[in-house]
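Visitor: Just so it is clear, I am handing over start_30.pdb, which has PDB, C-alpha atoms.
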```
ATOM      1  CA  MET G   1       0.000   0.000   0.000
ATOM      2  CA  ARG G   2       1.444   3.363  -1.068
ATOM      3  CA  PRO G   3       1.052   6.408   1.133
ATOM      4  CA  SER G   4      -1.101   9.078  -0.491
ATOM      5  CA  SER G   5       0.762  12.061   0.888
ATOM      6  CA  LEU G   6       4.079  13.120   2.394
ATOM      7  CA  SER G   7       2.617  13.353   5.910
ATOM      8  CA  GLU G   8       1.204   9.826   5.621
ATOM      9  CA  SER G   9       4.668   8.656   4.565
ATOM     10  CA  ARG G  10       6.193  10.239   7.693
ATOM     11  CA  VAL G  11       3.607   8.523   9.922
ATOM     12  CA  HIS G  12       4.502   5.121   8.435
ATOM     13  CA  SER G  13       8.199   5.855   8.825
ATOM     14  CA  LEU G  14       7.790   6.907  12.485
ATOM     15  CA  ARG G  15       5.692   3.862  13.189
ATOM     16  CA  ASP G  16       8.456   1.617  11.750
ATOM     17  CA  GLU G  17      11.146   3.355  13.856
ATOM     18  CA  ASN G  18       9.129   2.998  17.056
ATOM     19  CA  TRP G  19       7.846  -0.516  16.454
ATOM     20  CA  HIS G  20       9.042  -3.089  18.985
ATOM     21  CA  SER G  21       8.581  -6.820  19.021
ATOM     22  CA  PRO G  22       6.953  -8.354  22.109
ATOM     23  CA  SER G  23      10.204 -10.296  22.578
ATOM     24  CA  ASP G  24      12.211  -7.038  22.906
ATOM     25  CA  ALA G  25      11.157  -6.761  26.555
ATOM     26  CA  LEU G  26      12.394 -10.292  27.207
ATOM     27  CA  LEU G  27      15.689  -9.679  25.429
ATOM     28  CA  ALA G  28      16.274  -6.551  27.519
ATOM     29  CA  LYS G  29      16.193  -8.719  30.656
ATOM     30  CA  ILE G  30      18.916 -11.102  29.446
ATOM     31  CA  PRO G  31      22.263 -10.120  31.004
ATOM     32  CA  THR G  32      25.184  -9.294  28.751
ATOM     33  CA  ILE G  33      27.301 -12.014  30.356
ATOM     34  CA  VAL G  34      26.219 -15.098  28.498
ATOM     35  CA  ILE G  35      28.896 -17.556  29.605
ATOM     36  CA  ASP G  36      28.682 -18.451  33.265
ATOM     37  CA  ARG G  37      31.581 -20.884  33.259
ATOM     38  CA  ILE G  38      34.022 -22.858  31.141
ATOM     39  CA  HIS G  39      35.096 -26.340  32.222
ATOM     40  CA  ILE G  40      38.182 -28.374  31.316
ATOM     41  CA  GLU G  41      37.813 -32.022  32.335
ATOM     42  CA  GLN G  42      40.760 -34.331  33.084
ATOM     43  CA  LEU G  43      43.618 -32.308  31.654
ATOM     44  CA  GLU G  44      46.598 -34.632  31.954
ATOM     45  CA  VAL G  45      49.794 -33.113  33.335
ATOM     46  CA  HIS G  46      53.002 -34.489  34.809
ATOM     47  CA  GLY G  47      54.555 -33.093  37.938
ATOM     48  CA  ARG G  48      56.523 -33.809  41.066
ATOM     49  CA  VAL G  49      54.320 -33.878  44.149
ATOM     50  CA  GLY G  50      54.487 -36.002  47.283
ATOM     51  CA  VAL G  51      55.733 -36.024  50.839
ATOM     52  CA  PRO G  52      58.381 -38.772  50.428
ATOM     53  CA  ASP G  53      61.356 -37.863  48.243
ATOM     54  CA  SER G  54      60.696 -41.038  46.228
ATOM     55  CA  GLU G  55      57.334 -39.627  45.054
ATOM     56  CA  ARG G  56      59.029 -36.463  43.812
ATOM     57  CA  ALA G  57      61.994 -38.276  42.200
ATOM     58  CA  GLU G  58      60.207 -38.592  38.843
ATOM     59  CA  PRO G  59      57.281 -36.644  37.399
ATOM     60  CA  GLN G  60      54.006 -38.501  37.912
ATOM     61  CA  ARG G  61      50.714 -38.335  36.071
ATOM     62  CA  LEU G  62      48.206 -35.897  37.542
ATOM     63  CA  SER G  63      44.788 -34.921  36.249
ATOM     64  CA  LEU G  64      43.242 -31.455  36.479
ATOM     65  CA  ASN G  65      39.591 -30.473  36.372
ATOM     66  CA  VAL G  66      39.357 -26.723  35.966
ATOM     67  CA  THR G  67      36.197 -24.624  36.054
ATOM     68  CA  LEU G  68      36.546 -20.961  35.111
ATOM     69  CA  TRP G  69      34.165 -18.081  35.625
ATOM     70  CA  PRO G  70      35.452 -15.502  33.118
ATOM     71  CA  LYS G  71      34.892 -11.759  33.300
ATOM     72  CA  ILE G  72      32.966 -11.129  30.103
ATOM     73  CA  ALA G  73      31.388  -7.860  29.049
ATOM     74  CA  GLU G  74      30.182  -8.916  25.608
ATOM     75  CA  LEU G  75      31.447 -11.810  23.499
ATOM     76  CA  HIS G  76      30.794 -10.595  19.935
ATOM     77  CA  ASP G  77      32.068 -14.030  18.808
ATOM     78  CA  ASN G  78      35.634 -12.877  19.484
ATOM     79  CA  ILE G  79      38.095 -14.953  21.509
ATOM     80  CA  ALA G  80      39.697 -11.756  22.802
ATOM     81  CA  ASN G  81      36.488 -11.160  24.781
ATOM     82  CA  THR G  82      36.670 -14.420  26.744
ATOM     83  CA  VAL G  83      39.254 -16.758  28.268
ATOM     84  CA  ASN G  84      41.311 -18.732  25.778
ATOM     85  CA  TYR G  85      41.063 -22.153  27.392
ATOM     86  CA  SER G  86      43.842 -23.578  25.185
ATOM     87  CA  ALA G  87      46.229 -20.933  26.534
ATOM     88  CA  LEU G  88      45.002 -21.595  30.070
ATOM     89  CA  ALA G  89      45.592 -25.356  29.682
ATOM     90  CA  GLU G  90      49.158 -24.716  28.480
ATOM     91  CA  CYS G  91      49.715 -22.313  31.379
ATOM     92  CA  ALA G  92      48.520 -24.969  33.858
ATOM     93  CA  LYS G  93      50.817 -27.628  32.343
ATOM     94  CA  GLU G  94      53.771 -25.269  32.469
ATOM     95  CA  PHE G  95      53.024 -24.340  36.095
ATOM     96  CA  VAL G  96      52.971 -27.996  37.173
ATOM     97  CA  ASN G  97      56.194 -28.726  35.241
ATOM     98  CA  GLN G  98      58.057 -25.836  36.878
ATOM     99  CA  HIS G  99      57.125 -26.521  40.525
ATOM    100  CA  ASP G 100      57.735 -29.294  43.050
ATOM    101  CA  TYR G 101      55.462 -29.640  46.066
ATOM    102  CA  LYS G 102      55.194 -31.991  48.989
ATOM    103  CA  LEU G 103      51.472 -31.361  49.375
ATOM    104  CA  LEU G 104      48.810 -31.713  46.718
ATOM    105  CA  GLU G 105      46.935 -29.002  48.633
ATOM    106  CA  THR G 106      49.767 -26.516  48.058
ATOM    107  CA  LEU G 107      49.885 -27.308  44.352
ATOM    108  CA  ALA G 108      46.115 -26.763  44.000
ATOM    109  CA  GLU G 109      46.128 -23.568  46.058
ATOM    110  CA  GLU G 110      49.083 -21.940  44.292
ATOM    111  CA  MET G 111      47.978 -22.955  40.807
ATOM    112  CA  ALA G 112      44.466 -21.562  41.387
ATOM    113  CA  ALA G 113      45.995 -18.256  42.533
ATOM    114  CA  HIS G 114      48.329 -18.272  39.509
ATOM    115  CA  LEU G 115      45.459 -18.811  37.053
ATOM    116  CA  LEU G 116      43.475 -15.976  38.658
ATOM    117  CA  ALA G 117      46.492 -13.685  38.272
ATOM    118  CA  GLN G 118      47.213 -14.678  34.658
ATOM    119  CA  PHE G 119      43.702 -14.681  33.186
ATOM    120  CA  ASP G 120      40.669 -12.396  33.333
ATOM    121  CA  LEU G 121      38.665 -14.549  35.752
ATOM    122  CA  ARG G 122      36.055 -13.840  38.387
ATOM    123  CA  LYS G 123      36.550 -17.267  39.958
ATOM    124  CA  VAL G 124      38.404 -20.547  39.423
ATOM    125  CA  GLU G 125      37.824 -24.018  40.817
ATOM    126  CA  LEU G 126      40.722 -26.427  40.411
ATOM    127  CA  GLU G 127      40.676 -30.115  41.294
ATOM    128  CA  VAL G 128      44.040 -31.900  41.200
ATOM    129  CA  ARG G 129      43.921 -35.697  41.049
ATOM    130  CA  LYS G 130      46.849 -37.925  41.973
ATOM    131  CA  PHE G 131      46.946 -41.664  41.288
ATOM    132  CA  VAL G 132      48.955 -42.928  44.246
ATOM    133  CA  LEU G 133      46.782 -45.224  46.375
ATOM    134  CA  PRO G 134      46.622 -48.806  45.067
ATOM    135  CA  ASP G 135      43.071 -49.400  46.341
ATOM    136  CA  ALA G 136      41.570 -46.107  45.123
ATOM    137  CA  ASN G 137      41.015 -44.577  41.704
ATOM    138  CA  TYR G 138      42.653 -41.348  42.823
ATOM    139  CA  VAL G 139      43.128 -38.851  45.625
ATOM    140  CA  SER G 140      42.069 -35.296  44.899
ATOM    141  CA  VAL G 141      42.207 -31.814  46.357
ATOM    142  CA  THR G 142      39.998 -28.949  45.197
ATOM    143  CA  ALA G 143      40.852 -25.265  45.552
ATOM    144  CA  VAL G 144      38.288 -22.541  44.856
ATOM    145  CA  ARG G 145      39.521 -18.982  44.550
ATOM    146  CA  GLU G 146      37.762 -15.756  43.617
ATOM    147  CA  GLY G 147      39.290 -12.628  42.150
ATOM    148  CA  GLU G 148      38.811  -9.224  43.663
ATOM    149  CA  ALA G 149      35.486  -7.568  42.969
ATOM    150  CA  THR G 150      35.727  -4.944  40.268
TER     151      THR G 150
END
```
Turn this file's structure into structure tokens for me.
Guide:
Amino acid sequence: MRPSSLSESRVHSLRDENWHSPSDALLAKIPTIVIDRIHIEQLEVHGRVGVPDSERAEPQRLSLNVTLWPKIAELHDNIANTVNYSALAECAKEFVNQHDYKLLETLAEEMAAHLLAQFDLRKVELEVRKFVLPDANYVSVTAVREGEAT
């Protein structure tokens, strides 16, 4: 249908500019942060950890479960706007390779703090699994750390 006059044309144009879908109200309520967490399951690393010297003599297999709560303003389908989990996995492997600990608890605690310092995270949960007891699948320690509120 063609408008019959210039003023009718302006009315149609204004109506189009001001038209809103019923779903617009719902979309306005959705927070900008769309990723609550990222999880890495059973990342295999090798490190020296154990109370007896014999346990630290050679690197042993450890497994990491890492859950990250990134600080995200808006993703825009750009990796620069989130946490690069490949880089984080490499950072975790490197950290384990460069440190020796007697306690699994110390390894978990210090690595969680390191990941918070290196990446733009609100929170990190890190479980470190060690396969040392013959009658158990593994022993694990979990550290949960939160960054400072911004």
Visitor: Please return the centre and edge lengths, in Å to one decimal, of a box with edges along x, y and z that contains all listed atoms of region 126-141 of chain G, widened by 5 Å on every side, as AutoDock Vina command-line options.
Guide:
```
--center_x 44.8 --center_y -37.9 --center_z 43.4 --size_x 18.3 --size_y 33.0 --size_z 16.0
```
Visitor: Extract, using only C-alpha atoms, all DNA, RNA and protein residues at most 8 Å from region 123-136 of chain G, discarding same-chain residues fewer than 3 positions from it, and format them as number ranges by chain.
Guide: G: 61-70, 104, 108, 112, 115-116, 139-147
Visitor: Apply the PyMOL selection byres ((chain G and resi 96) around 9) to the displayed file and report the matching residues as JSON, numbers by chain.
Guide: {"G": [45, 46, 47, 48, 91, 92, 93, 94, 95, 97, 98, 99, 100, 107, 111]}
Visitor: For CA of Leu121 (chain G) and CA of Asn78 (chain G), quote the distance in Å rounded to one decimal.
Guide: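 Here the two named atoms are 16.6 Å from each other.
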Visitor: Suppose you want the space between CA of Gly50 (chain G) and CA of Leu88 (chain G); what is it in Å?
Guide: 24.4 Å
Visitor: Calculate how many Å separate CA of Ala89 (chain G) from CA of Arg37 (chain G), rounding to one decimal.
Guide: 15.1 Å
Visitor: Taking all atoms listed in the file into account, which of G:His76, G:His39, G:Arg122, G:Arg56 comes nearest Leu103 (chain G)?
Guide: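 The closest residue to Leu103 (chain G) is G:Arg56.
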Visitor: Which of these, G:Val51, G:Asn137, G:Phe119, G:Leu75, has the shortest distance to Glu105 (chain G) once you count all atoms listed in the file?
Guide: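 Under the stated criterion, the closest residue is G:Val51.
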Visitor: Using only C-alpha atoms, find the one residue out of G:Glu148, G:Glu55, G:Glu74, G:Asp120 that sits nearest to Lys102 (chain G).
Guide: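 Selected residue with least distance to Lys102 (chain G): G:Glu55.
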Visitor: Take the point (37.4, -12.5, 28.8) in the file's coordinates, draw a sphere of radius 6 Å around it, and report as a list in words every protein, DNA or RNA residue with an atom inside or on it, counting all atoms listed in the file.
Guide: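 Residues satisfying the cut-off, written out: Pro70, Lys71, Ile72, Asn81, Thr82, Val83 and Asp120 of chain G.
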